[in-house]
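Heads up, start.txt below (compact mmCIF, C-alpha atoms):
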# COMPACT_ATOMS: atom_id res chain seq x y z
CA MET D 1 11.42 67.44 46.15
CA THR D 2 14.25 64.98 45.73
CA SER D 3 17.80 66.15 45.20
CA LEU D 4 19.83 64.86 42.28
CA GLN D 5 22.62 64.43 44.80
CA THR D 6 20.72 61.89 46.89
CA PRO D 7 23.16 59.08 47.60
CA ALA D 8 22.39 55.75 45.98
CA PRO D 9 20.48 53.47 48.34
CA ALA D 10 22.44 50.63 49.92
CA ALA D 11 22.29 47.37 47.98
CA GLN D 12 19.32 45.26 49.05
CA PRO D 13 20.12 41.93 50.65
CA ASP D 14 18.99 39.22 48.25
CA CYS D 15 17.87 36.69 50.85
CA CYS D 16 14.34 36.55 49.56
CA VAL D 17 14.75 37.95 46.08
CA PRO D 18 14.85 35.30 43.37
CA SER D 19 17.30 35.71 40.54
CA ALA D 20 15.59 37.55 37.69
CA ALA D 21 16.95 35.18 35.05
CA PRO D 22 16.84 31.39 35.32
CA ALA D 23 20.14 29.55 35.59
CA LEU D 24 19.33 27.78 32.31
CA ASN D 25 18.83 30.15 29.38
CA ALA D 26 16.09 29.68 26.81
CA GLY D 27 18.37 28.43 24.02
CA ASP D 28 20.11 25.80 26.15
CA ALA D 29 16.74 24.72 27.52
CA ARG D 30 15.37 24.18 23.99
CA GLN D 31 18.38 22.04 22.99
CA LYS D 32 18.22 19.92 26.14
CA ALA D 33 14.45 19.51 25.83
CA LEU D 34 14.89 18.06 22.32
CA ILE D 35 17.09 15.28 23.68
CA PHE D 36 14.63 14.47 26.48
CA LYS D 37 11.81 14.56 23.92
CA ALA D 38 13.59 11.81 22.01
CA LEU D 39 13.57 9.76 25.22
CA ALA D 40 9.95 10.60 26.07
CA ASP D 41 8.43 7.66 24.22
CA PRO D 42 8.25 4.04 25.45
CA ASN D 43 9.01 2.57 22.02
CA ARG D 44 12.10 4.72 21.59
CA LEU D 45 13.34 3.72 25.05
CA ARG D 46 12.83 0.05 24.10
CA LEU D 47 14.69 0.56 20.83
CA LEU D 48 17.65 2.09 22.68
CA SER D 49 17.49 -0.81 25.12
CA ILE D 50 17.59 -3.44 22.36
CA VAL D 51 20.47 -1.74 20.55
CA LYS D 52 22.36 -1.38 23.84
CA ALA D 53 21.81 -5.05 24.72
CA GLY D 54 23.03 -6.32 21.36
CA GLU D 55 26.26 -8.27 21.71
CA SER D 56 27.72 -6.97 18.47
CA GLY D 57 27.12 -3.35 19.46
CA GLU D 58 24.79 -2.73 16.54
CA SER D 59 21.35 -3.82 15.44
CA CYS D 60 19.92 -4.21 11.97
CA VAL D 61 16.65 -2.36 11.50
CA CYS D 62 15.27 -5.68 10.23
CA ASP D 63 15.71 -7.07 13.77
CA LEU D 64 14.08 -4.13 15.56
CA THR D 65 10.52 -4.39 14.29
CA GLU D 66 9.45 -7.77 15.67
CA PRO D 67 10.37 -7.26 19.36
CA LEU D 68 8.25 -4.10 19.46
CA GLY D 69 5.36 -5.44 17.40
CA LEU D 70 5.43 -2.33 15.21
CA GLY D 71 5.66 -1.88 11.46
CA GLN D 72 8.96 -0.94 9.88
CA PRO D 73 7.89 2.61 8.89
CA THR D 74 6.98 3.34 12.51
CA VAL D 75 10.22 1.86 13.81
CA SER D 76 12.21 3.83 11.21
CA HIS D 77 10.43 7.02 12.31
CA HIS D 78 11.40 6.42 15.95
CA LEU D 79 14.97 5.52 14.96
CA LYS D 80 15.30 8.77 12.97
CA ILE D 81 14.32 10.79 16.05
CA LEU D 82 16.96 8.97 18.10
CA VAL D 83 19.59 9.59 15.39
CA ASP D 84 18.62 13.27 15.10
CA ALA D 85 18.95 13.65 18.88
CA GLY D 86 22.51 12.30 18.69
CA LEU D 87 21.72 9.14 20.65
CA LEU D 88 22.02 6.56 17.85
CA HIS D 89 24.43 6.23 14.94
CA ARG D 90 23.04 4.90 11.63
CA GLU D 91 25.07 3.13 8.98
CA LYS D 92 23.59 1.88 5.71
CA ARG D 93 25.19 -1.33 4.41
CA GLY D 94 23.58 -2.95 1.41
CA THR D 95 19.85 -3.33 1.84
CA TRP D 96 19.71 -2.63 5.54
CA ALA D 97 20.53 0.13 7.99
CA TYR D 98 22.44 -0.74 11.16
CA TYR D 99 22.11 1.23 14.38
CA SER D 100 24.54 1.58 17.28
CA LEU D 101 24.64 3.77 20.39
CA VAL D 102 26.69 6.94 19.92
CA PRO D 103 29.55 6.37 22.39
CA GLY D 104 29.01 8.35 25.59
CA ALA D 105 25.65 9.77 24.46
CA LEU D 106 23.59 8.28 27.29
CA GLU D 107 26.22 9.37 29.81
CA ARG D 108 26.23 12.91 28.42
CA THR D 109 22.43 12.98 28.56
CA ALA D 110 22.57 11.89 32.20
CA GLY D 111 25.07 14.70 32.76
CA LEU D 112 22.56 17.26 31.45
CA LEU D 113 20.50 16.62 34.56
CA ALA D 114 23.44 17.41 36.82
CA THR D 115 23.99 20.76 35.11
CA LEU D 116 20.43 22.07 34.96
CA MET E 117 11.59 -40.97 8.50
CA THR E 118 12.97 -39.43 11.67
CA SER E 119 13.40 -41.46 14.79
CA LEU E 120 11.93 -40.24 18.04
CA GLN E 121 15.31 -41.09 19.52
CA THR E 122 17.13 -38.61 17.32
CA PRO E 123 19.42 -36.68 19.67
CA ALA E 124 18.52 -33.03 20.16
CA PRO E 125 20.51 -30.80 17.85
CA ALA E 126 23.34 -28.84 19.39
CA ALA E 127 22.31 -25.40 20.60
CA GLN E 128 22.68 -22.81 17.88
CA PRO E 129 25.24 -20.10 18.51
CA ASP E 130 23.39 -16.81 18.93
CA CYS E 131 26.01 -14.58 17.35
CA CYS E 132 23.62 -13.10 14.84
CA VAL E 133 20.28 -13.79 16.47
CA PRO E 134 18.76 -10.80 18.22
CA SER E 135 17.00 -11.33 21.51
CA ALA E 136 13.27 -11.81 20.86
CA ALA E 137 12.25 -9.52 23.71
CA PRO E 138 13.75 -6.11 24.40
CA ALA E 139 15.77 -5.71 27.57
CA LEU E 140 13.29 -3.06 28.73
CA ASN E 141 9.72 -4.34 29.01
CA ALA E 142 6.72 -2.31 27.87
CA GLY E 143 5.53 -1.36 31.37
CA ASP E 144 8.92 -0.11 32.56
CA ALA E 145 9.36 1.76 29.29
CA ARG E 146 6.04 3.57 29.78
CA GLN E 147 6.97 4.64 33.32
CA LYS E 148 10.41 5.86 32.30
CA ALA E 149 9.02 7.68 29.27
CA LEU E 150 6.64 9.64 31.53
CA ILE E 151 9.57 11.04 33.50
CA PHE E 152 11.47 12.00 30.32
CA LYS E 153 8.25 13.55 28.98
CA ALA E 154 8.19 15.83 32.02
CA LEU E 155 11.72 16.93 31.07
CA ALA E 156 10.92 17.29 27.36
CA ASP E 157 9.88 20.94 27.54
CA PRO E 158 12.19 23.97 27.70
CA ASN E 159 10.02 25.84 30.20
CA ARG E 160 9.90 22.87 32.56
CA LEU E 161 13.70 22.50 32.37
CA ARG E 162 14.03 26.21 33.19
CA LEU E 163 11.63 25.86 36.13
CA LEU E 164 13.69 22.97 37.52
CA SER E 165 16.81 25.06 36.99
CA ILE E 166 15.40 28.05 38.92
CA VAL E 167 14.19 25.90 41.81
CA LYS E 168 17.56 24.11 41.92
CA ALA E 169 19.47 27.41 41.90
CA GLY E 170 17.41 28.91 44.74
CA GLU E 171 19.53 29.42 47.84
CA SER E 172 16.74 28.46 50.23
CA GLY E 173 16.08 25.18 48.41
CA GLU E 174 12.52 26.17 47.53
CA SER E 175 10.80 28.67 45.27
CA CYS E 176 7.44 30.36 45.65
CA VAL E 177 5.24 29.98 42.59
CA CYS E 178 4.88 33.77 42.73
CA ASP E 179 8.61 34.05 41.90
CA LEU E 180 8.55 31.57 39.00
CA THR E 181 6.34 33.38 36.53
CA GLU E 182 8.41 36.49 35.81
CA PRO E 183 11.73 34.83 34.87
CA LEU E 184 9.95 32.72 32.23
CA GLY E 185 7.68 35.48 30.96
CA LEU E 186 4.67 33.15 31.23
CA GLY E 187 1.33 33.55 32.96
CA GLN E 188 0.74 31.87 36.30
CA PRO E 189 -1.77 29.30 34.98
CA THR E 190 0.80 28.11 32.42
CA VAL E 191 3.56 27.96 35.02
CA SER E 192 1.27 26.09 37.42
CA HIS E 193 0.45 23.60 34.65
CA HIS E 194 4.14 22.91 34.03
CA LEU E 195 4.85 22.66 37.76
CA LYS E 196 2.05 20.09 38.16
CA ILE E 197 3.64 17.90 35.48
CA LEU E 198 6.98 18.09 37.31
CA VAL E 199 5.30 17.22 40.63
CA ASP E 200 3.36 14.31 39.05
CA ALA E 201 6.63 12.97 37.60
CA GLY E 202 8.17 12.93 41.08
CA LEU E 203 10.75 15.60 40.29
CA LEU E 204 9.37 18.48 42.39
CA HIS E 205 7.75 18.59 45.81
CA ARG E 206 4.90 21.06 46.38
CA GLU E 207 3.94 22.56 49.72
CA LYS E 208 1.05 24.99 50.14
CA ARG E 209 1.63 27.62 52.85
CA GLY E 210 -0.94 30.37 53.16
CA THR E 211 -1.69 31.96 49.82
CA TRP E 212 1.24 30.49 47.90
CA ALA E 213 2.62 27.13 46.92
CA TYR E 214 6.34 26.48 47.37
CA TYR E 215 8.32 24.06 45.22
CA SER E 216 11.53 22.19 45.98
CA LEU E 217 13.46 19.44 44.20
CA VAL E 218 12.60 15.95 45.42
CA PRO E 219 15.92 14.85 46.97
CA GLY E 220 17.78 12.49 44.63
CA ALA E 221 15.15 12.70 41.88
CA LEU E 222 17.46 14.12 39.19
CA GLU E 223 20.15 11.59 40.12
CA ARG E 224 17.65 8.72 39.90
CA THR E 225 16.47 10.00 36.52
CA ALA E 226 20.06 10.08 35.31
CA GLY E 227 20.36 6.52 36.58
CA LEU E 228 17.44 5.43 34.34
CA LEU E 229 19.69 6.01 31.35
CA ALA E 230 22.34 3.71 32.74
CA THR E 231 19.84 0.89 33.18
CA LEU E 232 18.04 1.04 29.84
Full structure transcribed into structure tokens:
Amino acid sequence: MTSLQTPAPAAQPDCCVPSAAPALNAGDARQKALIFKALADPNRLRLLSIVKAGESGESCVCDLTEPLGLGQPTVSHHLKILVDAGLLHREKRGTWAYYSLVPGALERTAGLLATL
Amino acid sequence: MTSLQTPAPAAQPDCCVPSAAPALNAGDARQKALIFKALADPNRLRLLSIVKAGESGESCVCDLTEPLGLGQPTVSHHLKILVDAGLLHREKRGTWAYYSLVPGALERTAGLLATL
């Protein structure tokens, strides 16, 4: 029969005991995964690459379809995902939309990997 | 009637002409996208995070199921994707498989964003 006065056992060394909770919580993981999901498509990576390589710092959507060999609705769909992920900035001027990299966005995304 | 001796026209300035080909070719884009696809899932990010946080540098698959609240087949599926992407190293010892970060893999992945 155990006594209620039994002293608490000494703390167990945690050499082989994994932490019960992951370093990255579920909410943060979902947010980070959305950004990597935006990058997880070859056409979206190529779109980012073209916009980044543009000398003026922005690209008209009318110039983004031909290099990829895709139709404009498909390109617009990919661009929307990149905008929603915070990687591209979109500005409508007249008939066309112009896209530019959000300053620091690629660097911040790279930083997510350092803080997993 | 134009003469065959007509001098070649001066090169056009390319201020407003986008490059015909994207800076990132289709093959490289596919390879890079596969790595980001491995990162595009909250559970896989959490698995990487747990393995990274482990003091011994490796985690037994038997310790990776409980923190995520997932069954072992699901966890093993996610771990295989991370191994195939070159982010985790797997070593079978006895009954269990042990996972560790591939040295430099997260840093190289971050570098992909700088070289888009």
Query raised in the report: Can you tell me, as a list in words, what residues are no more than 7 Å from Leu87 of chain D when counting all atoms listed in the file, ignoring any on the same chain fewer than 6 positions away?
Result: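 Here the answer would be Leu101, Val102, Ala105 and Leu106 of chain D.
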Report task. Give me, please, the distance in Å between atom CA of Val61 of chain D and atom CA of Gly227 of chain E, quoted to one decimal. Result ->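 A separation of 26.9 Å between them.
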Output as JSON the centre and edge lengths (Å, one decimal) of the box along x, y and z of the file that holds every listed atom of segment 28-41 of chain D after adding 3 Å on each side.
{"center_x": 14.3, "center_y": 16.7, "center_z": 24.8, "size_x": 17.7, "size_y": 24.1, "size_z": 11.5}
For chain D versus chain E, which residues have an atom no more than 9 Å away, and what is each residue's nearest atom pair and distance in Å rounded to one decimal, using all atoms listed in the file, chain-then-number order, as JSON lines?
{"residue": "D:Cys15", "atom": "CA", "partner": "E:Glu171", "partner_atom": "CA", "distance": 8.0}
{"residue": "D:Cys16", "atom": "CA", "partner": "E:Ser172", "partner_atom": "CA", "distance": 8.5}
{"residue": "D:Val17", "atom": "CA", "partner": "E:Asp179", "partner_atom": "CA", "distance": 8.4}
{"residue": "D:Pro18", "atom": "CA", "partner": "E:Asp179", "partner_atom": "CA", "distance": 6.5}
{"residue": "D:Ser19", "atom": "CA", "partner": "E:Gly170", "partner_atom": "CA", "distance": 8.0}
{"residue": "D:Ala20", "atom": "CA", "partner": "E:Pro183", "partner_atom": "CA", "distance": 5.5}
{"residue": "D:Ala21", "atom": "CA", "partner": "E:Pro183", "partner_atom": "CA", "distance": 5.2}
{"residue": "D:Pro22", "atom": "CA", "partner": "E:Ile166", "partner_atom": "CA", "distance": 5.1}
{"residue": "D:Ala23", "atom": "CA", "partner": "E:Ser165", "partner_atom": "CA", "distance": 5.8}
{"residue": "D:Leu24", "atom": "CA", "partner": "E:Arg162", "partner_atom": "CA", "distance": 5.6}
{"residue": "D:Asn25", "atom": "CA", "partner": "E:Arg162", "partner_atom": "CA", "distance": 7.3}
{"residue": "D:Ala26", "atom": "CA", "partner": "E:Pro158", "partner_atom": "CA", "distance": 7.0}
{"residue": "D:Gly27", "atom": "CA", "partner": "E:Pro158", "partner_atom": "CA", "distance": 8.5}
{"residue": "D:Asp28", "atom": "CA", "partner": "E:Pro158", "partner_atom": "CA", "distance": 8.3}
{"residue": "D:Ala29", "atom": "CA", "partner": "E:Pro158", "partner_atom": "CA", "distance": 4.6}
{"residue": "D:Arg30", "atom": "CA", "partner": "E:Pro158", "partner_atom": "CA", "distance": 4.9}
{"residue": "D:Gln31", "atom": "CA", "partner": "E:Pro158", "partner_atom": "CA", "distance": 8.0}
{"residue": "D:Lys32", "atom": "CA", "partner": "E:Pro158", "partner_atom": "CA", "distance": 7.4}
{"residue": "D:Ala33", "atom": "CA", "partner": "E:Ala156", "partner_atom": "CA", "distance": 4.4}
{"residue": "D:Leu34", "atom": "CA", "partner": "E:Ala156", "partner_atom": "CA", "distance": 6.5}
{"residue": "D:Ile35", "atom": "CA", "partner": "E:Ala156", "partner_atom": "CA", "distance": 7.5}
{"residue": "D:Phe36", "atom": "CA", "partner": "E:Ala156", "partner_atom": "CA", "distance": 4.7}
{"residue": "D:Lys37", "atom": "CA", "partner": "E:Ala156", "partner_atom": "CA", "distance": 4.5}
{"residue": "D:Ala38", "atom": "CA", "partner": "E:Ala156", "partner_atom": "CA", "distance": 8.1}
{"residue": "D:Leu39", "atom": "CA", "partner": "E:Phe152", "partner_atom": "CA", "distance": 6.0}
{"residue": "D:Ala40", "atom": "CA", "partner": "E:Ala149", "partner_atom": "CA", "distance": 4.4}
{"residue": "D:Asp41", "atom": "CA", "partner": "E:Ala149", "partner_atom": "CA", "distance": 5.1}
{"residue": "D:Pro42", "atom": "CA", "partner": "E:Ala145", "partner_atom": "CA", "distance": 4.6}
{"residue": "D:Asn43", "atom": "CA", "partner": "E:Ala145", "partner_atom": "CA", "distance": 7.3}
{"residue": "D:Arg44", "atom": "CA", "partner": "E:Ala145", "partner_atom": "CA", "distance": 8.7}
{"residue": "D:Leu45", "atom": "CA", "partner": "E:Ala145", "partner_atom": "CA", "distance": 6.1}
{"residue": "D:Arg46", "atom": "CA", "partner": "E:Leu140", "partner_atom": "CA", "distance": 5.6}
{"residue": "D:Leu47", "atom": "CA", "partner": "E:Pro138", "partner_atom": "CA", "distance": 7.6}
{"residue": "D:Leu48", "atom": "CA", "partner": "E:Leu232", "partner_atom": "CA", "distance": 7.2}
{"residue": "D:Ser49", "atom": "CA", "partner": "E:Leu232", "partner_atom": "CA", "distance": 5.1}
{"residue": "D:Ile50", "atom": "CA", "partner": "E:Pro138", "partner_atom": "CA", "distance": 5.1}
{"residue": "D:Val51", "atom": "CA", "partner": "E:Pro138", "partner_atom": "CA", "distance": 8.9}
{"residue": "D:Lys52", "atom": "CA", "partner": "E:Leu232", "partner_atom": "CA", "distance": 7.8}
{"residue": "D:Ala53", "atom": "CA", "partner": "E:Ala139", "partner_atom": "CA", "distance": 6.7}
{"residue": "D:Gly54", "atom": "CA", "partner": "E:Pro134", "partner_atom": "CA", "distance": 6.9}
{"residue": "D:Glu55", "atom": "CA", "partner": "E:Cys131", "partner_atom": "CA", "distance": 7.7}
{"residue": "D:Ser56", "atom": "CA", "partner": "E:Cys131", "partner_atom": "CA", "distance": 7.9}
{"residue": "D:Ser59", "atom": "CA", "partner": "E:Pro134", "partner_atom": "CA", "distance": 7.9}
{"residue": "D:Asp63", "atom": "CA", "partner": "E:Pro134", "partner_atom": "CA", "distance": 6.6}
{"residue": "D:Leu64", "atom": "CA", "partner": "E:Pro134", "partner_atom": "CA", "distance": 8.6}
{"residue": "D:Glu66", "atom": "CA", "partner": "E:Ala136", "partner_atom": "CA", "distance": 7.6}
{"residue": "D:Pro67", "atom": "CA", "partner": "E:Ala137", "partner_atom": "CA", "distance": 5.3}
{"residue": "D:Leu68", "atom": "CA", "partner": "E:Pro138", "partner_atom": "CA", "distance": 7.7}
{"residue": "D:Leu106", "atom": "CA", "partner": "E:Leu229", "partner_atom": "CA", "distance": 6.1}
{"residue": "D:Glu107", "atom": "CA", "partner": "E:Ala230", "partner_atom": "CA", "distance": 7.5}
{"residue": "D:Thr109", "atom": "CA", "partner": "E:Ala226", "partner_atom": "CA", "distance": 7.7}
{"residue": "D:Ala110", "atom": "CA", "partner": "E:Ala226", "partner_atom": "CA", "distance": 4.4}
{"residue": "D:Gly111", "atom": "CA", "partner": "E:Ala226", "partner_atom": "CA", "distance": 7.3}
{"residue": "D:Leu112", "atom": "CA", "partner": "E:Ala226", "partner_atom": "CA", "distance": 8.5}
{"residue": "D:Leu113", "atom": "CA", "partner": "E:Leu222", "partner_atom": "CA", "distance": 6.1}
{"residue": "D:Ala114", "atom": "CA", "partner": "E:Leu222", "partner_atom": "CA", "distance": 7.2}
{"residue": "D:Thr115", "atom": "CA", "partner": "E:Ser165", "partner_atom": "CA", "distance": 8.6}
{"residue": "D:Leu116", "atom": "CA", "partner": "E:Ser165", "partner_atom": "CA", "distance": 5.1}
Only C-alpha atoms, please: the residues just picked out, written as a PDB file, in the frame of the given file.
ATOM      1  CA  CYS D  15      17.870  36.690  50.850  1.00  0.00           C
ATOM      2  CA  CYS D  16      14.340  36.550  49.560  1.00  0.00           C
ATOM      3  CA  VAL D  17      14.750  37.950  46.080  1.00  0.00           C
ATOM      4  CA  PRO D  18      14.850  35.300  43.370  1.00  0.00           C
ATOM      5  CA  SER D  19      17.300  35.710  40.540  1.00  0.00           C
ATOM      6  CA  ALA D  20      15.590  37.550  37.690  1.00  0.00           C
ATOM      7  CA  ALA D  21      16.950  35.180  35.050  1.00  0.00           C
ATOM      8  CA  PRO D  22      16.840  31.390  35.320  1.00  0.00           C
ATOM      9  CA  ALA D  23      20.140  29.550  35.590  1.00  0.00           C
ATOM     10  CA  LEU D  24      19.330  27.780  32.310  1.00  0.00           C
ATOM     11  CA  ASN D  25      18.830  30.150  29.380  1.00  0.00           C
ATOM     12  CA  ALA D  26      16.090  29.680  26.810  1.00  0.00           C
ATOM     13  CA  GLY D  27      18.370  28.430  24.020  1.00  0.00           C
ATOM     14  CA  ASP D  28      20.110  25.800  26.150  1.00  0.00           C
ATOM     15  CA  ALA D  29      16.740  24.720  27.520  1.00  0.00           C
ATOM     16  CA  ARG D  30      15.370  24.180  23.990  1.00  0.00           C
ATOM     17  CA  GLN D  31      18.380  22.040  22.990  1.00  0.00           C
ATOM     18  CA  LYS D  32      18.220  19.920  26.140  1.00  0.00           C
ATOM     19  CA  ALA D  33      14.450  19.510  25.830  1.00  0.00           C
ATOM     20  CA  LEU D  34      14.890  18.060  22.320  1.00  0.00           C
ATOM     21  CA  ILE D  35      17.090  15.280  23.680  1.00  0.00           C
ATOM     22  CA  PHE D  36      14.630  14.470  26.480  1.00  0.00           C
ATOM     23  CA  LYS D  37      11.810  14.560  23.920  1.00  0.00           C
ATOM     24  CA  ALA D  38      13.590  11.810  22.010  1.00  0.00           C
ATOM     25  CA  LEU D  39      13.570   9.760  25.220  1.00  0.00           C
ATOM     26  CA  ALA D  40       9.950  10.600  26.070  1.00  0.00           C
ATOM     27  CA  ASP D  41       8.430   7.660  24.220  1.00  0.00           C
ATOM     28  CA  PRO D  42       8.250   4.040  25.450  1.00  0.00           C
ATOM     29  CA  ASN D  43       9.010   2.570  22.020  1.00  0.00           C
ATOM     30  CA  ARG D  44      12.100   4.720  21.590  1.00  0.00           C
ATOM     31  CA  LEU D  45      13.340   3.720  25.050  1.00  0.00           C
ATOM     32  CA  ARG D  46      12.830   0.050  24.100  1.00  0.00           C
ATOM     33  CA  LEU D  47      14.690   0.560  20.830  1.00  0.00           C
ATOM     34  CA  LEU D  48      17.650   2.090  22.680  1.00  0.00           C
ATOM     35  CA  SER D  49      17.490  -0.810  25.120  1.00  0.00           C
ATOM     36  CA  ILE D  50      17.590  -3.440  22.360  1.00  0.00           C
ATOM     37  CA  VAL D  51      20.470  -1.740  20.550  1.00  0.00           C
ATOM     38  CA  LYS D  52      22.360  -1.380  23.840  1.00  0.00           C
ATOM     39  CA  ALA D  53      21.810  -5.050  24.720  1.00  0.00           C
ATOM     40  CA  GLY D  54      23.030  -6.320  21.360  1.00  0.00           C
ATOM     41  CA  GLU D  55      26.260  -8.270  21.710  1.00  0.00           C
ATOM     42  CA  SER D  56      27.720  -6.970  18.470  1.00  0.00           C
ATOM     43  CA  SER D  59      21.350  -3.820  15.440  1.00  0.00           C
ATOM     44  CA  ASP D  63      15.710  -7.070  13.770  1.00  0.00           C
ATOM     45  CA  LEU D  64      14.080  -4.130  15.560  1.00  0.00           C
ATOM     46  CA  GLU D  66       9.450  -7.770  15.670  1.00  0.00           C
ATOM     47  CA  PRO D  67      10.370  -7.260  19.360  1.00  0.00           C
ATOM     48  CA  LEU D  68       8.250  -4.100  19.460  1.00  0.00           C
ATOM     49  CA  LEU D 106      23.590   8.280  27.290  1.00  0.00           C
ATOM     50  CA  GLU D 107      26.220   9.370  29.810  1.00  0.00           C
ATOM     51  CA  THR D 109      22.430  12.980  28.560  1.00  0.00           C
ATOM     52  CA  ALA D 110      22.570  11.890  32.200  1.00  0.00           C
ATOM     53  CA  GLY D 111      25.070  14.700  32.760  1.00  0.00           C
ATOM     54  CA  LEU D 112      22.560  17.260  31.450  1.00  0.00           C
ATOM     55  CA  LEU D 113      20.500  16.620  34.560  1.00  0.00           C
ATOM     56  CA  ALA D 114      23.440  17.410  36.820  1.00  0.00           C
ATOM     57  CA  THR D 115      23.990  20.760  35.110  1.00  0.00           C
ATOM     58  CA  LEU D 116      20.430  22.070  34.960  1.00  0.00           C
TER      59      LEU D 116
END
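Reported to one decimal place, the separation of atom CA of Thr181 of chain E from atom CA of Gly220 of chain E is 25.2 Å.
Of note, atom CA of Ile197 of chain E and atom CA of Leu70 of chain D are spaced 28.7 Å apart.
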Report summary line: One residue among E:Gly185, E:Cys178, E:Pro219, E:Val191 is nearest to His205 of chain E when using all atoms listed in the file, and that residue is E:Pro219
N, CA, C and O atoms of segment 97-112 of chain D, written as a PDB file, in the first residue's frame:
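File produced: part.pdb:
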ATOM      1  N   ALA D  97      -1.858  44.005 -65.696  1.00  0.00           N
ATOM      2  CA  ALA D  97      -1.344  43.923 -64.328  1.00  0.00           C
ATOM      3  C   ALA D  97       0.168  43.750 -64.396  1.00  0.00           C
ATOM      4  O   ALA D  97       0.686  43.063 -65.282  1.00  0.00           O
ATOM      5  N   TYR D  98       0.851  44.404 -63.466  1.00  0.00           N
ATOM      6  CA  TYR D  98       2.316  44.352 -63.406  1.00  0.00           C
ATOM      7  C   TYR D  98       2.725  43.704 -62.086  1.00  0.00           C
ATOM      8  O   TYR D  98       2.155  44.009 -61.030  1.00  0.00           O
ATOM      9  N   TYR D  99       3.706  42.841 -62.162  1.00  0.00           N
ATOM     10  CA  TYR D  99       4.131  42.073 -60.986  1.00  0.00           C
ATOM     11  C   TYR D  99       5.584  42.390 -60.637  1.00  0.00           C
ATOM     12  O   TYR D  99       6.441  42.502 -61.514  1.00  0.00           O
ATOM     13  N   SER D 100       5.831  42.523 -59.332  1.00  0.00           N
ATOM     14  CA  SER D 100       7.207  42.723 -58.866  1.00  0.00           C
ATOM     15  C   SER D 100       7.410  41.872 -57.610  1.00  0.00           C
ATOM     16  O   SER D 100       6.449  41.506 -56.924  1.00  0.00           O
ATOM     17  N   LEU D 101       8.668  41.544 -57.316  1.00  0.00           N
ATOM     18  CA  LEU D 101       8.966  40.795 -56.097  1.00  0.00           C
ATOM     19  C   LEU D 101       8.656  41.662 -54.891  1.00  0.00           C
ATOM     20  O   LEU D 101       9.000  42.849 -54.883  1.00  0.00           O
ATOM     21  N   VAL D 102       8.031  41.123 -53.879  1.00  0.00           N
ATOM     22  CA  VAL D 102       7.877  41.841 -52.614  1.00  0.00           C
ATOM     23  C   VAL D 102       9.278  41.942 -51.996  1.00  0.00           C
ATOM     24  O   VAL D 102       9.944  40.919 -51.833  1.00  0.00           O
ATOM     25  N   PRO D 103       9.728  43.178 -51.711  1.00  0.00           N
ATOM     26  CA  PRO D 103      11.104  43.316 -51.211  1.00  0.00           C
ATOM     27  C   PRO D 103      11.353  42.447 -49.971  1.00  0.00           C
ATOM     28  O   PRO D 103      10.575  42.478 -49.020  1.00  0.00           O
ATOM     29  N   GLY D 104      12.428  41.682 -50.024  1.00  0.00           N
ATOM     30  CA  GLY D 104      12.829  40.864 -48.875  1.00  0.00           C
ATOM     31  C   GLY D 104      12.066  39.557 -48.727  1.00  0.00           C
ATOM     32  O   GLY D 104      12.378  38.760 -47.825  1.00  0.00           O
ATOM     33  N   ALA D 105      11.074  39.310 -49.586  1.00  0.00           N
ATOM     34  CA  ALA D 105      10.227  38.122 -49.395  1.00  0.00           C
ATOM     35  C   ALA D 105      11.014  36.819 -49.573  1.00  0.00           C
ATOM     36  O   ALA D 105      10.851  35.873 -48.792  1.00  0.00           O
ATOM     37  N   LEU D 106      11.858  36.761 -50.600  1.00  0.00           N
ATOM     38  CA  LEU D 106      12.621  35.524 -50.817  1.00  0.00           C
ATOM     39  C   LEU D 106      13.612  35.312 -49.668  1.00  0.00           C
ATOM     40  O   LEU D 106      13.822  34.184 -49.209  1.00  0.00           O
ATOM     41  N   GLU D 107      14.185  36.411 -49.181  1.00  0.00           N
ATOM     42  CA  GLU D 107      15.133  36.309 -48.067  1.00  0.00           C
ATOM     43  C   GLU D 107      14.410  35.837 -46.797  1.00  0.00           C
ATOM     44  O   GLU D 107      14.935  35.013 -46.041  1.00  0.00           O
ATOM     45  N   ARG D 108      13.210  36.377 -46.578  1.00  0.00           N
ATOM     46  CA  ARG D 108      12.457  35.949 -45.384  1.00  0.00           C
ATOM     47  C   ARG D 108      12.056  34.472 -45.498  1.00  0.00           C
ATOM     48  O   ARG D 108      12.072  33.740 -44.514  1.00  0.00           O
ATOM     49  N   THR D 109      11.722  34.050 -46.717  1.00  0.00           N
ATOM     50  CA  THR D 109      11.367  32.642 -46.918  1.00  0.00           C
ATOM     51  C   THR D 109      12.576  31.753 -46.649  1.00  0.00           C
ATOM     52  O   THR D 109      12.462  30.697 -45.998  1.00  0.00           O
ATOM     53  N   ALA D 110      13.737  32.182 -47.115  1.00  0.00           N
ATOM     54  CA  ALA D 110      14.967  31.426 -46.824  1.00  0.00           C
ATOM     55  C   ALA D 110      15.183  31.364 -45.313  1.00  0.00           C
ATOM     56  O   ALA D 110      15.588  30.325 -44.773  1.00  0.00           O
ATOM     57  N   GLY D 111      14.862  32.459 -44.631  1.00  0.00           N
ATOM     58  CA  GLY D 111      15.037  32.503 -43.180  1.00  0.00           C
ATOM     59  C   GLY D 111      14.122  31.535 -42.442  1.00  0.00           C
ATOM     60  O   GLY D 111      14.457  31.078 -41.346  1.00  0.00           O
ATOM     61  N   LEU D 112      12.972  31.197 -43.039  1.00  0.00           N
ATOM     62  CA  LEU D 112      12.061  30.241 -42.398  1.00  0.00           C
ATOM     63  C   LEU D 112      12.757  28.894 -42.183  1.00  0.00           C
ATOM     64  O   LEU D 112      12.475  28.182 -41.223  1.00  0.00           O
TER      65      LEU D 112
END
